[in-house]
Structure formats: C-alpha cells, structure tokens
Amino acid sequence: MHRLLRHLQSLLRVEPGRPALWAGIRAAVATALPLCLSFLTTVPQAGWAGLTGLLVTLADKGGSYRVRARVMGSVTVLGALVGVLAAPAGHTYWMDATLLLLGVTAANFARSYGETAGSVGGQLAVIFVVSLGAPAASLREAVLRGAALLLGGLWAMTLSLLLWPLRPYRPARRAVARVYAGLATAAEELRRATQEGATAEAWAAGLKRHAGIRPEIERARDVLAATRRGRPDESRRGEHLLVLVELAEPMVALLSALAEAMQVVGRDPHMQATRERVARLCEAFAAMDLWVARALRQERNEGMSAPPRLALRPRRRQPARMAAPPVRQSTEGPLSTHVATLLDRLREYAGVAHETASGLLFGDPVSARGRGTVGGPKAAPGFSPWQPLRDNLHRDSVVLRHALRTGMVATAALGLTRALQVGDAHWVSLTVISILQPYAGSTEERVLQRTLGTLVGASLAALIATTVHTPPTMIGVISVLTAISVALLPLNFGAFQILLTPDYLLMATLSSGDWTVASQRSLGVLIAGTLALVGSWTLWPSPERRRFPDAAASALRADGKYLQQLVTHRSGTEPAVNEERRRLDQALLEAESSFQRLMTEYRGPPGHLEPGMALLTYTRRFALAVTALGTGRFEGRTTSVLPQQLAQRASDSLELLARALQERREPPPLPPLALPRTSDDPVLGALLERVPRQLGILHGAVARISEDPSLR
C-alpha cells in the first residue's frame with residue numbers, strides 16, 4: 001500500500017515552473033504541416049513526416065545549438081534509415097519477431113553512451129516498431145516512407161534551429177544565468193536564516209538547496225563546452241562565460257561554509273555583529289547575482305540597469321568589487337575571524353563576477369583577476385567510441401540487462417497479442433518499450449502513468465474519432481493536442497501522456513483511414529503493462545537495495561579524498577580542491593538518486609529506511625563541515641585547523657565505513673580523533689568539534705544498515 005501511494009503521488013505531482021507554451025506551439029507546427037501536405041497532395045506516405053516531425057521535436061532537450069543539431073540530426077537520419085529497413089519486413093511472424101528483438105535491444109543498448117544517446121535510441125525504437133507494423137507493399141513504397149521520414153525530421157530541425165533566432169551563445173548564457181539565479185536564491189535564504197535564527201531543520205533544508213546548484217553548474221559547463229568547440233573567432237564571449245561558470249564553483253562552497261558557520265552562531269547575542277555583517281553582505285551578494293543573471297539574459301547593454309549600489313562602489317563602465325563596512329570591534333562587539341575571512345573571500349569573487357559580466361555586456365576583455373580564477377587548461381582525456389560498449393558488455397551491466405529485457409518483453413508482447421488476435425500487435429510492443437525502465441521502481445511508476453494515460457487518452461481519442469470525420473478537422477485536433485501536451489511536459493508527465501496518447505492514435509487513424517483504431521488500444525496497454533511488470537520482476541532483477549550500499553560507500557570515499565585534497569592546499573577554493581569537491585557532489589547525487597529509487601521499490605515499513613537517510617544526510621553534512629573549515633584559510637590570515645594527522649585519521653575512518661558498507665557487515669569501532677587546540681574564535685572551535693561528532697553519527701548509521709536486512 002505504501003508503494004502504491006508513492007507511485008500515485010508521483011503521478012499527481014506537479015513540478016514547479018510554467019508551461020512550455022512556445023515549445024508546444026513549435027511541436028504542433030512541426031507535426032501538423034507534414035500532415036496537411038499529405039492531405040493536400042493525396043500522398044499517404046507523406047503522413048510519415050508527421051511522425052518524425054513530432055519525435056525530432058521531442059528529442060530537442062535544449063542546450064547548445066551544436067548539440068541540439070547533432071541529436072536532432074541523429075534521430076532524423078537514423079530514423080529514416082531504420083524506417084526503410086523495417087518497411088519491407090513484417091510479412092512473416094518469425095522475421096517480424098527476430099527483427100523486433102534485435103532492433104529494440106540495439107536501440108536500448110545505446111544508453112551505454114549516456115542519457116542523451118538513450119533518448120535517441122528510444123525515438124529510433126518508436127520509428128522502427130511503427131514501420132515494422134506497417135509493412136510496405138513494394139520497394140518504392142519503402143523508399144517513399146524513408147524520404148518522408150527524412151523530410152519530416154529536416155522540417156523539425158529547420159523550425160527549431162533556423163526559423164527561431166539563431167544565436168550560438170544564447171543557450172550558454174541562459175544556462176549560466178540559471179546558475180547565478182540559484183546563487184541569488186541561496187544568498188537570500190542565508191540572509192533570512194541568519195537574521196531570524198533558523199532552526200536546525202531549516203538550516204539542513206537550506207544547505208540541501210545549495211547542493212541543488214551543482215547540477216546547474218554541470219549543465220552550464222556542458223552547454224558552454226559544446227558551444228565553444230570549433231569557434232575560435234568568438235572566443236572572447238566564451239572566455240567571459242567560462243570565467244563566470246568557474247567562479248560559481250567556489251562561490252557555492254563559500255556560501256555553504258558561511259551557512260555552516262552561521263548555524264553555529266545561531267541566536268547567540270554576543271555574535272550580533274557577526275550576524276548583521278553576514279546579513280548585509282548576503283543581501284548585496286544576492287543583488288549582484290541577480291544583476292549578473294539579468295545581464296546574461298539581456299545580451300545587450302542598452303537599457304541595462306546599473307549595478308546595485310548597496311554592493312558596489314561606482315566605477316566607470318563596469319562594477320567594482322563589493323564594498324563592506326570596516327570592522328569596528330569596539331562598537332560592534334566581537335566578530336569571528338573565521339567568518340570575516342569567508343566574507344572577504346566571497347566579496348572578492350563577487351567583484352570578479354561583476355567585472356566579467358560587465359565586460360561581456362560592453363565587449364571588454366576578461367580581466368587578469370578573471371583569468372586567474374579559471375586555472376590551467378585541462379587536458380581532454382582520450383575517448384574511444386567502443387569503450388562504453390566494452391564497459392557495458394558484462395552480465396552485471398544495468399544497461400545490457402535493460403536492453404535485453406526490453407527486446408525480449410517487446411517480442412513476447414508481439415507473440416502474445418497475435419496469439420490472442422488482439423488488433424494492432426505492434427502497438428502493444430511499442431507500449432512495452434515506452435513503459436520499461438532500467439529500474440523496477442521506475443517501471444512501476446511508468447506502468448501506472450501509461451495505463452491511466454492510455455485508458456483516458458484512448459477514450460478521448462475514441463470520442464474525437466466518433467465526432468470528427470474529416471481530415472482537416474482531425475489535423476486541427478492533432479495540432480491542439482500536441483501543443484498542449486508538450487507545453488505540460490515540464491509540469492506533469494501524466495498529463496503529457498494522457499494528451500499525447502490520442503495524438504498517436506489519431507495520426508494512426510488519419511494514415512490508415514480506420515476510424516475505429518482508437519477503440520482497440522485499451523486492451524493492448526493492459527497487456528503491455530502486465531508484461532512489463534512481469535519482465536521487470538523476473539528478467540535479471542536487480543533490487544536497488546543491493547546497489548545503494550555501493551553508491552553510499554563511493555560517497556564516503558569521495559568525502560575522504562576531498563578532505564585529503566583540502567588539507568594539502570593553501571585555500572579551499574583552489575582549482576584542484578574545486579575539482580575534488582565536484583567529484584564529491586557527483587558521488588552524493590548518485591547515492592541520493594539510488595536512495596530515491598530504493599524508496600520507490602521498498603515494500604516494508606518506512607521507518608526502516610531511516611539509517612540510509614541519515615547516512616546520506618550526514619555524509620553531506622560532514623563534507624559541508626570540512627568545507628567550512630578549509631575554505632576559511634585565506635592569504636595567511638588563518639592557518640589550517642585540520643592538520644595532516646587528523647585529516648588522515650578521519651579519511652581512514654571513512655574508508656572503514658565504506659568497506660563495511662560494501663561487505664555488508666558491522667563496522668569496527670572508529671579510532672579516536674584528538675582535536676588540535678584552536679584559537680579563541682568560538683565559530684572555528686564549534687565547527688572543528690563537528691568532525692568527530694558527525695563521524696560517530698555516520699558510524700551509527702552504517703551499523704544500523706548492517707543489522708537491517710531490508711537495506712543489505
């Protein structure tokens with residue numbers, strides 16, 4: 001019951017944001033125009049262009065124009081190819097089943113190259129199965145089908161990449177702007193929590209939101225790298241954006257460190273001066289980030305408002321670094337040296353961000369301070385196109401298991417529906433492909449979404465088909481449904497599924513002329529959902545509870561490596577430390593994703609998941625405490641409060657816990673950690689005391705996991 005409720009909550013959950021109206025209208029135009037041409041020219045094969053028009057538009061996930069063109073071009077060219085290859089087949093069951101097994105397995109194995117390649121493989125599988133289910137009567141008909149598929153994809157690409165304004169750096173600018181908007185939100189939350197003296201739960205939630213900026217930084221890096229590739233003549237804009245992306249990394253670390261320090265300060269009346277100073281600088285920092293985000297989105301300096309005066313001293317054409325009132329301890333009371341160091345460091349980075357964003361607006365070169373934040377060039381590792389395939393050609397590979405499972409279940413669905421004489425057997429196989437996911441919990445959610453979506457959508461399609469009998473009206477209905485479904489995709493997948501189902505059904509009705517085709521699909525989706533669940537539970541099942549300990553162990557080891565890297569450098573914001581913190585964040589995100597999948601699969605009492613939740617929470621909290629201690633070292637003002645010996649012992653403790661997790665056994669007692677003597681700074685001392693305390697909490701969480709078979 002708990003499991004079903006979680007799936008229903010996922011189905012009804014509405015994501016924050018706004019409907020993608022322009023994307024919906026673009027998808028409607030890409031789909032409807034080929035269908036109109038097919039009707040006007042009385043060439044039925046031209047209707048296939050509507051299929052690739054829709055699929056190629058859905059394959060456009062954003063990003064740089066280079067990446068978008070490569071992804072959409074792959075779906076267009078390969079879609080036309082697989083459509084032609086599948087068109088002559090399907091006349092005999094054994095040929096049909098063999099090609100279905102091989103084609104669907106190969107398309108899903110494309111996930112070896114990442115989620116984008118997996119998405120392309122999914123679009124190709126749709127075209128392949130649809131073409132296989134409508135065998136061509138002659139070679140000429142197969143060639144015409146391929147030409148229509150190619151033209152439909154080219155039309156969708158032209159619409160997305162050429163008819164809309166083509167500005168190569170616009171996707172990169174918007175991606176970086178989202179990073180700085182996230183930084184502004186984090187700074188404003190930190191200001192509010194500092195002034196109000198937030199509770200421990202509120203601080204934990206805020207720090208978790210800080211971690212949410214990490215995926216945005218990675219996306220901005222990927223978009224910028226793809227945009228700059230092969231554009232030496234536009235390197236100045238790319239250099240400005242690169243500096244802004246690299247600045248975000250240490251600024252996130254500084255905000256997190258400042259949040260940890262202010263959580264220690266709490267409502268201590270003796271630290272009122274510290275709280276006021278942090279609140280003022282956070283307000284200025286948030287204003288700076290919003291100004292940078294607006295500058296990146298606006299793209300021109302005309303009409304651009306001046307930088308926030310609260311944060312800046314006036315300077316000709318470009319903003320200067322953020323100013324702060326001098327420290328007057330006699331009137332303001334004691335001010336933590338550690339917090340003052342963090343504020344100075346954050347102010348310096350904020351000034352560089354302002355200079356860089358202003359230089360981007362006015363065309364000025366990147367300043368010397370900006371170049372210094374990027375660090376040395378990173379050598380690109382050699383890449384073999386066959387390496388991802390070799391890495392996943394083993395029996396424990398999740399990708400290989402999913403590809404084989406999908407191919408086998410889709411083929412079984414074809415045989416079963418033909419044996420039961422259910423109309424349109426290939427529709428059932430196509431539904432199986434769209435339902436099956438690499439993980440059991442995700443498959444169960446998709447079964448619920450697709451079953452309800454198809455039942456409601458098929459009923460809607462049947463109602464439309466009984467009331468609308470002319471192709472022009474049908475094309476108009478398809479256009480409206482396409483626009484609304486794609487617009488709602490960012491908000492709720494269930495609504496997208498419900499409205500897209502009659503879209504596919506009505507296109508099939510339009511191309512076949514059979515006005516009763518919509519009424520045949522409800523039984524098919526029930527068969528597909530049942531087979532998908534059976535296949536997910538019986539064919540190479542790999543419960544997430546077996547994978548989660550390994551993912552959590554990787555996060556603990558990444559914590560230890562980050563700690564070692566931090567104590568060997570002068571500052572916690574140097575490029576090498578930033579890179580190690582980046583790896584740590586990625587390991588934590590993977591472990592948290594694994595735990596989310598575990599929650600969807602878990603059938604027992606929710607309380608048994610508490611040790612795993614505590615393990616992830618304090619793995620991140622330990623990293624934040626270390627960040628707060630290491631980031632404060634700056635220009636010799638403060639020395640390292642984490643000596644090499646203490647760091648080594650803490651890293652060894654994390655390794656012991658990681659090994660116990662992987663071996664599914666109780667961890668040995670942790671070695672004692674002797675804390676060094678610190679200065680009279682109360683914030684620094686309290687932060688240092690958190691290291692052994694959080695290690696103890698991690699040890700307890702690992703011990704509870706070893707005792708509970710539900711997480712082993």
# chains A, B, ... in the order shown; residues from 1 in each chain; ligands from 1
$ closest_atom_pairs --of "region 81-200 of chain A" --to "region 256-264 of chain A" --cutoff "12 Å" --atoms "only C-alpha atoms" --output "tab-separated table"
residue	atom	partner	partner_atom	distance
A:Leu183	CA	A:Ser256	CA	10.8
A:Ala186	CA	A:Ser256	CA	9.1
A:Ala187	CA	A:Ala259	CA	9.4
A:Glu188	CA	A:Ala259	CA	11.5
A:Glu189	CA	A:Ala259	CA	9.7
A:Leu190	CA	A:Ala259	CA	6.5
A:Arg191	CA	A:Ala259	CA	9.3
A:Arg192	CA	A:Ala259	CA	11.1
A:Ala193	CA	A:Met262	CA	8.7
A:Thr194	CA	A:Met262	CA	6.5
A:Gln195	CA	A:Met262	CA	9.9
A:Glu196	CA	A:Met262	CA	11.2
A:Gly197	CA	A:Gln263	CA	8.1
A:Ala198	CA	A:Gln263	CA	7.9
A:Thr199	CA	A:Gln263	CA	8.5
A:Ala200	CA	A:Gln263	CA	7.5
$ write_last_selection --atoms "N, CA, C and O atoms" --output "compact mmCIF listing (two decimals), in the first residue's frame"
# COMPACT_ATOMS: atom_id res chain seq x y z
N LEU A 183 22.31 31.05 -7.21
CA LEU A 183 23.18 31.64 -6.19
C LEU A 183 22.46 32.78 -5.46
O LEU A 183 22.60 32.94 -4.24
N ALA A 186 20.06 31.28 -2.99
CA ALA A 186 20.77 30.72 -1.83
C ALA A 186 21.24 31.82 -0.90
O ALA A 186 21.14 31.70 0.34
N ALA A 187 21.75 32.92 -1.46
CA ALA A 187 22.22 34.02 -0.61
C ALA A 187 21.06 34.68 0.13
O ALA A 187 21.19 35.04 1.31
N GLU A 188 19.92 34.83 -0.53
CA GLU A 188 18.76 35.44 0.12
C GLU A 188 18.24 34.54 1.25
O GLU A 188 17.87 35.02 2.32
N GLU A 189 18.23 33.23 1.02
CA GLU A 189 17.81 32.31 2.08
C GLU A 189 18.79 32.35 3.26
O GLU A 189 18.38 32.28 4.42
N LEU A 190 20.07 32.47 2.96
CA LEU A 190 21.06 32.56 4.02
C LEU A 190 20.88 33.84 4.83
O LEU A 190 20.99 33.85 6.06
N ARG A 191 20.59 34.95 4.15
CA ARG A 191 20.34 36.21 4.86
C ARG A 191 19.15 36.08 5.80
O ARG A 191 19.20 36.48 6.96
N ARG A 192 18.06 35.50 5.28
CA ARG A 192 16.85 35.37 6.09
C ARG A 192 17.09 34.44 7.28
O ARG A 192 16.67 34.74 8.41
N ALA A 193 17.77 33.31 7.04
CA ALA A 193 18.02 32.37 8.14
C ALA A 193 18.93 32.98 9.19
O ALA A 193 18.78 32.75 10.39
N THR A 194 19.91 33.79 8.75
CA THR A 194 20.83 34.43 9.70
C THR A 194 20.11 35.44 10.58
O THR A 194 20.30 35.50 11.79
N GLN A 195 19.24 36.25 9.97
CA GLN A 195 18.53 37.27 10.74
C GLN A 195 17.50 36.66 11.68
O GLN A 195 17.29 37.15 12.79
N GLU A 196 16.84 35.57 11.25
CA GLU A 196 15.76 35.00 12.05
C GLU A 196 16.24 33.95 13.03
O GLU A 196 15.45 33.50 13.87
N GLY A 197 17.50 33.52 12.91
CA GLY A 197 17.97 32.45 13.77
C GLY A 197 17.23 31.15 13.49
O GLY A 197 16.49 30.64 14.35
N ALA A 198 17.38 30.59 12.30
CA ALA A 198 16.60 29.45 11.85
C ALA A 198 16.87 28.21 12.69
O ALA A 198 17.91 28.09 13.35
N THR A 199 15.92 27.27 12.63
CA THR A 199 16.07 26.00 13.34
C THR A 199 17.06 25.11 12.60
O THR A 199 17.43 25.37 11.45
N ALA A 200 17.46 24.02 13.26
CA ALA A 200 18.40 23.08 12.64
C ALA A 200 17.80 22.46 11.39
O ALA A 200 18.51 22.24 10.38
$ closest_residue --among "A:Thr31, A:Val278, A:Ala211, A:Asp222" --to "Leu588 (chain A)" --atoms "only C-alpha atoms"
A:Ala211
$ residues_around --residues "Leu254 (chain A)" --least-positions-apart "3" --cutoff "9 Å" --atoms "only C-alpha atoms" --output "ChimeraX atom specification"
/A:249-251,257-259,342-343,345-346,572-573,627-628,631-632
$ select_by_dssp --residues "region 50-169 of chain A" --states "helix (DSSP H, G or I)" --output "VMD selection string"
chain A and resid 50 to 59 65 to 86 93 to 113 115 to 132 139 to 163
$ residues_around --residues "Leu85 (chain A)" --least-positions-apart "3" --cutoff "9 Å" --atoms "only C-alpha atoms" --output "list in words"
Ala80, Leu81, Val82, Pro88, Ala89, Phe128, Ser131, Leu132, Ala142 and Gly146 of chain A
$ residues_around --residues "Leu436 (chain A)" --least-positions-apart "3" --cutoff "6 Å" --atoms "only C-alpha atoms" --output "JSON, numbers by chain"
{"A": [433, 443, 532]}
$ atom_distance --atom1 "CA of Leu488 (chain A)" --atom2 "CA of Arg450 (chain A)"
15.7 Å
$ atom_distance --atom1 "CA of Pro472 (chain A)" --atom2 "CA of Val126 (chain A)"
25.5 Å
$ residues_around --residues "Val398 (chain A)" --least-positions-apart "6" --cutoff "12 Å" --atoms "only C-alpha atoms" --output "JSON, numbers by chain"
{"A": [108, 109, 111, 112, 391, 392, 404, 405, 437, 438, 439, 440, 539, 540, 541, 542, 543, 544, 547]}
$ residues_around --residues "region 658-662 of chain A" --least-positions-apart "4" --cutoff "9 Å" --atoms "only C-alpha atoms" --output "PyMOL selection string"
chain A and resi 549-550+552-557+653-654+666-668+702-703+705-706+712
